[in-house]
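Let me begin by presenting the structure, written as structure tokens, before commenting on it.
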Amino acid sequence: MKLSFTNHTLYFKRPFKIAHGTRSSTAIVIVQLEHDGKIGYGEASMPPYLGESHESVATFLKSASPLIEQCKNPFEWEAILSEIDLLAPNNTSAKASIDIALHDLMGKIKNKPCWQMFQADKNTTPYTAYTLGIDEQEIIKQKIVDGDEFKILKVKLNGENDKAIINTIRSVSNKPIAIDVNQGWKNKEEALEMIQWLADKNVLFVEQPLAKNNWDDAHWLFEKSPLPLFADESIQRYTDIDKVKACFHGINIKLMKCTGMHEAFKMIQKAREVNLKVLIGCMSETSCAISAAAQLSPFADYADLDGALLIKNNLFEGITFADGKIVLSDMSGIGVTPKENN
Ligand code: MG
């Protein structure tokens, strides 16, 4: 197999406000794995909080390249992925880009979609949530109109105008809301007070209410919360599940945090064993990585895979939505085609 990659920047349609600031673009890397005339595509997306960059991903991919070139059989994927994981700690999105490309390549060689290789039922995909950022009232209302086809709203809160944002939404929509605080509430008492206020407002769950390493307060909140709590920044990989299960009702699994489809699938199985709900999420990504995550979405309770809809320069055609429900195609691999002129 041969590995190559290119750096890109994705630009958001609207600047994206979360608890810790505003972002207008994100760095990504597109990976190609070539074997026997077939090409598998993968992607690394690097949100600042995971500490990866174009440079760090390039360094990691160059270090992985000899291992990949030595490998003559992509179906030795389990050995390849575990060797790659051992090359260096962290670098989870760089690792995910190889994992995704390898799954895409294997699907193309077998002429099978990845959802079928994972034995998923493509008819049981969830609805994706549609993200509303922290914005002015009129913009929030307009975004709700723009996202009319979607059945679940995902709302970012940061502890500043939270009640006003929810009241604005509720003045125009009764759709179920998933809340994402991105670690933005300052303390457990404030968090509990807000969750109690949200409890009768058709809210599905609250994601990452407190700072990611604040385990004592997370546990305190878990015992008192009238709404399910989901870990996002508090969980990255399979080995984190045991710690998280005492403090949250569910986990947000993202390929960029957990090194890709293989580990995400293992995490879903483990979450089921320990009675955690599963949300499959994404970073700001093209339809390449989003379509990879979507292959596993039939196993999830919830999905938050609207990332590619929020960017101006999506580099791939991939999964689509029908009235907000994820539609998996019968295309082989992760089901993506690069757009021309990108
Ligand atoms: Mg989140």
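Starting from 1 in every chain, residues are counted up; chains themselves are A, B, ... following the order of the structure tokens, and ligands are numbered from 1 as listed.
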
Env. residues ligand 1 / 12 Å / only C-alpha atoms and all ligand atoms / as a PyMOL selection string: chain A and resi 18-19+47+49+129+131+133+154-158+178-184+205-212+229-236+251-254+257+279-284+303-305+307

Residues from last step as file, C-alpha atoms, as a PDB file, in the first residue's frame:
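Result went into selection-v5.pdb, see below:
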ATOM      1  CA  ILE A  18     -18.709  27.975  21.487  1.00  0.00           C
ATOM      2  CA  ALA A  19     -17.880  28.342  25.167  1.00  0.00           C
ATOM      3  CA  PRO A  47      -9.866  21.017  16.541  1.00  0.00           C
ATOM      4  CA  TYR A  49      -8.213  21.352  21.872  1.00  0.00           C
ATOM      5  CA  ALA A 129     -29.096  16.806  15.174  1.00  0.00           C
ATOM      6  CA  THR A 131     -26.436  22.566  15.166  1.00  0.00           C
ATOM      7  CA  GLY A 133     -24.338  28.107  17.515  1.00  0.00           C
ATOM      8  CA  LYS A 154     -28.401  20.831  18.844  1.00  0.00           C
ATOM      9  CA  VAL A 155     -27.888  23.963  20.867  1.00  0.00           C
ATOM     10  CA  LYS A 156     -24.570  25.293  22.109  1.00  0.00           C
ATOM     11  CA  LEU A 157     -24.729  27.030  25.490  1.00  0.00           C
ATOM     12  CA  ASN A 158     -21.934  28.740  27.440  1.00  0.00           C
ATOM     13  CA  ALA A 178     -29.778  18.306  22.495  1.00  0.00           C
ATOM     14  CA  ILE A 179     -27.704  20.713  24.581  1.00  0.00           C
ATOM     15  CA  ASP A 180     -23.926  20.992  24.247  1.00  0.00           C
ATOM     16  CA  VAL A 181     -22.182  23.092  26.872  1.00  0.00           C
ATOM     17  CA  ASN A 182     -18.592  22.353  25.726  1.00  0.00           C
ATOM     18  CA  GLN A 183     -17.382  22.572  29.390  1.00  0.00           C
ATOM     19  CA  GLY A 184     -18.921  26.049  29.620  1.00  0.00           C
ATOM     20  CA  PHE A 205     -29.671  15.333  27.022  1.00  0.00           C
ATOM     21  CA  VAL A 206     -26.933  17.710  28.141  1.00  0.00           C
ATOM     22  CA  GLU A 207     -23.430  17.218  26.776  1.00  0.00           C
ATOM     23  CA  GLN A 208     -20.281  18.083  28.718  1.00  0.00           C
ATOM     24  CA  PRO A 209     -21.721  20.534  31.258  1.00  0.00           C
ATOM     25  CA  LEU A 210     -18.484  20.930  33.259  1.00  0.00           C
ATOM     26  CA  ALA A 211     -14.718  21.007  32.686  1.00  0.00           C
ATOM     27  CA  LYS A 212     -13.483  17.719  31.274  1.00  0.00           C
ATOM     28  CA  LEU A 229     -25.624  13.721  30.774  1.00  0.00           C
ATOM     29  CA  PHE A 230     -23.265  12.864  27.907  1.00  0.00           C
ATOM     30  CA  ALA A 231     -19.469  13.021  28.025  1.00  0.00           C
ATOM     31  CA  ASP A 232     -17.688  14.568  25.047  1.00  0.00           C
ATOM     32  CA  GLU A 233     -14.395  16.256  25.979  1.00  0.00           C
ATOM     33  CA  SER A 234     -14.217  13.920  29.040  1.00  0.00           C
ATOM     34  CA  ILE A 235     -13.920  10.844  26.836  1.00  0.00           C
ATOM     35  CA  GLN A 236     -11.580  10.100  23.999  1.00  0.00           C
ATOM     36  CA  ILE A 251     -20.822   9.148  25.536  1.00  0.00           C
ATOM     37  CA  ASN A 252     -20.160  11.145  22.396  1.00  0.00           C
ATOM     38  CA  ILE A 253     -17.937   8.990  20.191  1.00  0.00           C
ATOM     39  CA  LYS A 254     -16.014  10.848  17.492  1.00  0.00           C
ATOM     40  CA  LYS A 257     -10.856  11.447  19.239  1.00  0.00           C
ATOM     41  CA  LEU A 279     -24.070   9.561  20.473  1.00  0.00           C
ATOM     42  CA  ILE A 280     -21.962   9.442  17.331  1.00  0.00           C
ATOM     43  CA  GLY A 281     -20.541  12.882  16.658  1.00  0.00           C
ATOM     44  CA  CYS A 282     -18.056  14.717  14.501  1.00  0.00           C
ATOM     45  CA  MET A 283     -15.667  17.637  14.385  1.00  0.00           C
ATOM     46  CA  SER A 284     -15.775  20.176  11.542  1.00  0.00           C
ATOM     47  CA  ALA A 303     -26.159  11.242  15.832  1.00  0.00           C
ATOM     48  CA  ASP A 304     -24.595  14.633  15.492  1.00  0.00           C
ATOM     49  CA  LEU A 305     -23.232  14.425  11.962  1.00  0.00           C
ATOM     50  CA  GLY A 307     -20.549  18.997  10.336  1.00  0.00           C
TER      51      GLY A 307
END

Who sits within 12 Å of Glu76 (chain A), only C-alpha atoms, same chain under 5 positions skipped, as a list in words: Met1, Leu67, Ile68, Gln70, Cys71, Leu81, Ser82, Glu83, Leu102, His103 and Met106 of chain A

Would you write out those residues with N, CA and C atoms, as a compact mmCIF listing (two decimals), in the first residue's frame?
# COMPACT_ATOMS: atom_id res chain seq x y z
N MET A 1 0.85 -1.20 0.00
CA MET A 1 0.00 0.00 0.00
C MET A 1 0.88 1.24 0.00
N LEU A 67 5.62 1.67 7.43
CA LEU A 67 4.81 0.52 7.88
C LEU A 67 3.77 0.18 6.83
N ILE A 68 3.15 1.21 6.31
CA ILE A 68 2.08 1.00 5.33
C ILE A 68 2.65 0.46 4.02
N GLN A 70 5.29 -1.35 3.66
CA GLN A 70 5.69 -2.76 3.82
C GLN A 70 4.50 -3.71 3.70
N CYS A 71 3.32 -3.21 3.98
CA CYS A 71 2.14 -4.08 4.06
C CYS A 71 1.59 -4.36 2.66
N LEU A 81 -3.26 -1.34 12.17
CA LEU A 81 -3.78 -0.26 13.02
C LEU A 81 -3.17 -0.29 14.41
N SER A 82 -2.92 -1.49 14.95
CA SER A 82 -2.34 -1.48 16.29
C SER A 82 -0.87 -1.05 16.25
N GLU A 83 -0.14 -1.38 15.18
CA GLU A 83 1.24 -0.89 15.07
C GLU A 83 1.26 0.64 14.93
N LEU A 102 -8.20 3.10 5.30
CA LEU A 102 -8.05 1.63 5.22
C LEU A 102 -9.42 0.96 5.12
N HIS A 103 -10.38 1.42 5.91
CA HIS A 103 -11.73 0.85 5.81
C HIS A 103 -12.34 1.12 4.43
N MET A 106 -10.66 -1.25 1.97
CA MET A 106 -11.12 -2.64 2.10
C MET A 106 -12.52 -2.80 1.51

Nearest to Ile326 (chain A) by atom-to-atom distance, counting only C-alpha atoms, from A:Asn90, A:Thr125, A:Gln142, A:Asn313: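 The shortest atom-to-atom distance to Ile326 (chain A) comes from A:Thr125.
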
Alpha helix (DSSP H) per DSSP on the backbone: members of region 142-286 of chain A, as a VMD selection string: chain A and resid 142 to 146 162 to 172 188 to 198 215 to 224 241 to 244 255 to 258 261 to 273

Straight-line distance linking CA of Asn213 (chain A) with CA of Ser225 (chain A), stated in Å to one decimal: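 One can read the CA of Asn213 (chain A) to CA of Ser225 (chain A) distance as 18.5 Å.
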
Option closest in space to Asp99 (chain A), from A:Asn161, A:Thr259, A:Ser173, A:Asn214 [counting only C-alpha atoms]: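 Smallest separation from Asp99 (chain A) among the options: A:Thr259.
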
Nearest to Gly318 (chain A) by atom-to-atom distance, counting only C-alpha atoms, from A:Ser287, A:Thr239, A:Thr92, A:Gln295: A:Ser287

Selected residue, from A:His219, A:His262, A:Lys141, A:Lys325, that lies nearest to Asn167 (chain A) when counting only C-alpha atoms: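 Result for the nearest residue to Asn167 (chain A): A:Lys141.
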
Lys277 (chain A) environment, 7 Å, only C-alpha atoms, sequence neighbours closer than 3 positions dropped, as number ranges by chain: A: 249-251, 271, 301

Within 10 Å of Leu198 (chain A) using only C-alpha atoms, minus same-chain residues under 2 positions, as a list in words: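 Contacts, in chain order: Lys163, Ile166, Ile177, Ile179, Leu192, Glu193, Met194, Ile195, Gln196, Asp200, Lys201, Asn202, Val203, Leu204, Phe205, Val206, Pro226 and Leu227 of chain A.
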
Print the selection's residues with N, CA, C and O atoms to a file, as a PDB file, in the first residue's frame.
ATOM      1  N   LYS A 163     -30.650  30.970  29.050  1.00  0.00           N
ATOM      2  CA  LYS A 163     -32.120  30.914  29.118  1.00  0.00           C
ATOM      3  C   LYS A 163     -32.742  31.703  27.971  1.00  0.00           C
ATOM      4  O   LYS A 163     -33.740  31.275  27.380  1.00  0.00           O
ATOM      5  N   ILE A 166     -32.614  29.550  24.820  1.00  0.00           N
ATOM      6  CA  ILE A 166     -33.640  28.488  24.813  1.00  0.00           C
ATOM      7  C   ILE A 166     -35.036  29.097  24.624  1.00  0.00           C
ATOM      8  O   ILE A 166     -35.855  28.570  23.854  1.00  0.00           O
ATOM      9  N   ILE A 177     -34.480  19.114  21.727  1.00  0.00           N
ATOM     10  CA  ILE A 177     -33.184  19.817  21.733  1.00  0.00           C
ATOM     11  C   ILE A 177     -32.133  18.960  22.434  1.00  0.00           C
ATOM     12  O   ILE A 177     -32.376  18.427  23.520  1.00  0.00           O
ATOM     13  N   ILE A 179     -28.504  19.568  24.118  1.00  0.00           N
ATOM     14  CA  ILE A 179     -27.704  20.713  24.581  1.00  0.00           C
ATOM     15  C   ILE A 179     -26.234  20.326  24.617  1.00  0.00           C
ATOM     16  O   ILE A 179     -25.882  19.247  25.103  1.00  0.00           O
ATOM     17  N   LEU A 192     -26.545  22.407  37.760  1.00  0.00           N
ATOM     18  CA  LEU A 192     -27.763  21.722  38.196  1.00  0.00           C
ATOM     19  C   LEU A 192     -28.983  22.637  38.060  1.00  0.00           C
ATOM     20  O   LEU A 192     -30.051  22.210  37.616  1.00  0.00           O
ATOM     21  N   GLU A 193     -28.792  23.901  38.404  1.00  0.00           N
ATOM     22  CA  GLU A 193     -29.901  24.851  38.305  1.00  0.00           C
ATOM     23  C   GLU A 193     -30.374  24.959  36.850  1.00  0.00           C
ATOM     24  O   GLU A 193     -31.575  24.926  36.556  1.00  0.00           O
ATOM     25  N   MET A 194     -29.437  25.036  35.925  1.00  0.00           N
ATOM     26  CA  MET A 194     -29.801  25.128  34.497  1.00  0.00           C
ATOM     27  C   MET A 194     -30.462  23.843  34.015  1.00  0.00           C
ATOM     28  O   MET A 194     -31.438  23.868  33.260  1.00  0.00           O
ATOM     29  N   ILE A 195     -29.927  22.710  34.447  1.00  0.00           N
ATOM     30  CA  ILE A 195     -30.491  21.428  33.981  1.00  0.00           C
ATOM     31  C   ILE A 195     -31.924  21.271  34.516  1.00  0.00           C
ATOM     32  O   ILE A 195     -32.811  20.810  33.799  1.00  0.00           O
ATOM     33  N   GLN A 196     -32.135  21.698  35.755  1.00  0.00           N
ATOM     34  CA  GLN A 196     -33.500  21.631  36.300  1.00  0.00           C
ATOM     35  C   GLN A 196     -34.446  22.545  35.519  1.00  0.00           C
ATOM     36  O   GLN A 196     -35.591  22.191  35.250  1.00  0.00           O
ATOM     37  N   ASP A 200     -38.086  20.452  31.772  1.00  0.00           N
ATOM     38  CA  ASP A 200     -39.444  20.323  31.211  1.00  0.00           C
ATOM     39  C   ASP A 200     -39.556  21.034  29.858  1.00  0.00           C
ATOM     40  O   ASP A 200     -40.616  21.462  29.448  1.00  0.00           O
ATOM     41  N   LYS A 201     -38.419  21.162  29.157  1.00  0.00           N
ATOM     42  CA  LYS A 201     -38.428  21.892  27.883  1.00  0.00           C
ATOM     43  C   LYS A 201     -38.093  20.997  26.686  1.00  0.00           C
ATOM     44  O   LYS A 201     -37.522  21.449  25.694  1.00  0.00           O
ATOM     45  N   ASN A 202     -38.455  19.741  26.775  1.00  0.00           N
ATOM     46  CA  ASN A 202     -38.215  18.785  25.676  1.00  0.00           C
ATOM     47  C   ASN A 202     -36.733  18.739  25.282  1.00  0.00           C
ATOM     48  O   ASN A 202     -36.381  18.853  24.104  1.00  0.00           O
ATOM     49  N   VAL A 203     -35.901  18.603  26.298  1.00  0.00           N
ATOM     50  CA  VAL A 203     -34.450  18.465  26.083  1.00  0.00           C
ATOM     51  C   VAL A 203     -34.074  16.989  26.194  1.00  0.00           C
ATOM     52  O   VAL A 203     -34.484  16.308  27.139  1.00  0.00           O
ATOM     53  N   LEU A 204     -33.327  16.486  25.225  1.00  0.00           N
ATOM     54  CA  LEU A 204     -32.984  15.055  25.190  1.00  0.00           C
ATOM     55  C   LEU A 204     -31.857  14.720  26.156  1.00  0.00           C
ATOM     56  O   LEU A 204     -31.885  13.717  26.850  1.00  0.00           O
ATOM     57  N   PHE A 205     -30.822  15.568  26.144  1.00  0.00           N
ATOM     58  CA  PHE A 205     -29.671  15.333  27.022  1.00  0.00           C
ATOM     59  C   PHE A 205     -28.799  16.585  27.059  1.00  0.00           C
ATOM     60  O   PHE A 205     -28.987  17.503  26.256  1.00  0.00           O
ATOM     61  N   VAL A 206     -27.875  16.595  28.005  1.00  0.00           N
ATOM     62  CA  VAL A 206     -26.933  17.710  28.141  1.00  0.00           C
ATOM     63  C   VAL A 206     -25.516  17.158  28.001  1.00  0.00           C
ATOM     64  O   VAL A 206     -25.126  16.235  28.730  1.00  0.00           O
ATOM     65  N   PRO A 226     -31.815  15.676  36.450  1.00  0.00           N
ATOM     66  CA  PRO A 226     -33.056  15.104  35.920  1.00  0.00           C
ATOM     67  C   PRO A 226     -32.967  14.782  34.422  1.00  0.00           C
ATOM     68  O   PRO A 226     -33.870  14.167  33.875  1.00  0.00           O
ATOM     69  N   LEU A 227     -31.877  15.203  33.768  1.00  0.00           N
ATOM     70  CA  LEU A 227     -31.696  14.907  32.344  1.00  0.00           C
ATOM     71  C   LEU A 227     -30.441  14.047  32.152  1.00  0.00           C
ATOM     72  O   LEU A 227     -29.484  14.172  32.922  1.00  0.00           O
TER      73      LEU A 227
END

Nearest to Leu87 (chain A), chosen from A:Ser63, A:Asn123, A:Lys188, A:Leu255, with only C-alpha atoms counted in the distances: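 Of the candidates, the smallest distance to Leu87 (chain A) is held by A:Ser63.
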
Residues within 9 Å of Phe321 (chain A), only C-alpha atoms, excluding chain neighbours under 6 positions, as an NGL selection string: :A and (127-128 or 149-150 or 327-328)

Could you write out that same residue set with all heavy atoms as a short mmCIF file (atom, residue, chain, number, x, y, z; two decimals), in the first residue's frame?
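As a result, part_20.cif now contains:
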data_model
loop_
_atom_site.label_atom_id
_atom_site.label_comp_id
_atom_site.auth_asym_id
_atom_site.auth_seq_id
_atom_site.Cartn_x
_atom_site.Cartn_y
_atom_site.Cartn_z
N TYR A 127 -31.71 10.03 13.28
CA TYR A 127 -31.79 11.39 12.76
C TYR A 127 -30.55 12.14 13.24
O TYR A 127 -30.13 11.95 14.37
CB TYR A 127 -33.05 12.09 13.30
CG TYR A 127 -34.31 11.56 12.68
CD1 TYR A 127 -34.98 10.47 13.23
CD2 TYR A 127 -34.82 12.14 11.52
CE1 TYR A 127 -36.13 9.97 12.65
CE2 TYR A 127 -35.96 11.64 10.93
CZ TYR A 127 -36.62 10.55 11.49
OH TYR A 127 -37.74 10.06 10.90
N THR A 128 -30.00 12.99 12.39
CA THR A 128 -28.90 13.80 12.90
C THR A 128 -29.46 15.05 13.56
O THR A 128 -30.49 15.58 13.15
CB THR A 128 -27.91 14.24 11.80
OG1 THR A 128 -26.81 14.92 12.44
CG2 THR A 128 -28.53 15.20 10.80
N GLU A 149 -35.89 20.83 7.75
CA GLU A 149 -36.03 19.38 7.51
C GLU A 149 -35.53 18.53 8.70
O GLU A 149 -35.84 17.36 8.81
CB GLU A 149 -35.28 18.97 6.23
CG GLU A 149 -33.77 19.02 6.36
CD GLU A 149 -33.05 18.20 5.28
OE1 GLU A 149 -33.25 16.98 5.19
OE2 GLU A 149 -32.24 18.79 4.53
N PHE A 150 -34.72 19.15 9.57
CA PHE A 150 -34.11 18.36 10.65
C PHE A 150 -35.05 18.25 11.86
O PHE A 150 -35.75 19.18 12.20
CB PHE A 150 -32.76 18.97 11.04
CG PHE A 150 -31.77 18.88 9.92
CD1 PHE A 150 -31.60 19.95 9.04
CD2 PHE A 150 -31.07 17.72 9.69
CE1 PHE A 150 -30.73 19.86 7.96
CE2 PHE A 150 -30.19 17.62 8.62
CZ PHE A 150 -30.02 18.68 7.75
N VAL A 327 -28.92 8.90 5.48
CA VAL A 327 -29.15 7.94 4.40
C VAL A 327 -27.80 7.33 4.01
O VAL A 327 -26.89 8.04 3.59
CB VAL A 327 -29.76 8.64 3.16
CG1 VAL A 327 -29.95 7.63 2.03
CG2 VAL A 327 -31.07 9.32 3.53
N LEU A 328 -27.68 6.03 4.20
CA LEU A 328 -26.46 5.32 3.81
C LEU A 328 -26.67 4.73 2.42
O LEU A 328 -27.70 4.11 2.15
CB LEU A 328 -26.16 4.20 4.80
CG LEU A 328 -25.74 4.66 6.20
CD1 LEU A 328 -25.70 3.47 7.16
CD2 LEU A 328 -24.39 5.34 6.16
#

Residue list (strand (DSSP E or B), DSSP) for region 201-297 of chain A, as a ChimeraX atom specification: /A:203-207,229-231,250-254,277-281

Interatomic distance, CA of Tyr130 (chain A) to CA of Val274 (chain A) (Å, one decimal):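 Interatomic distance here is 28.1 Å.
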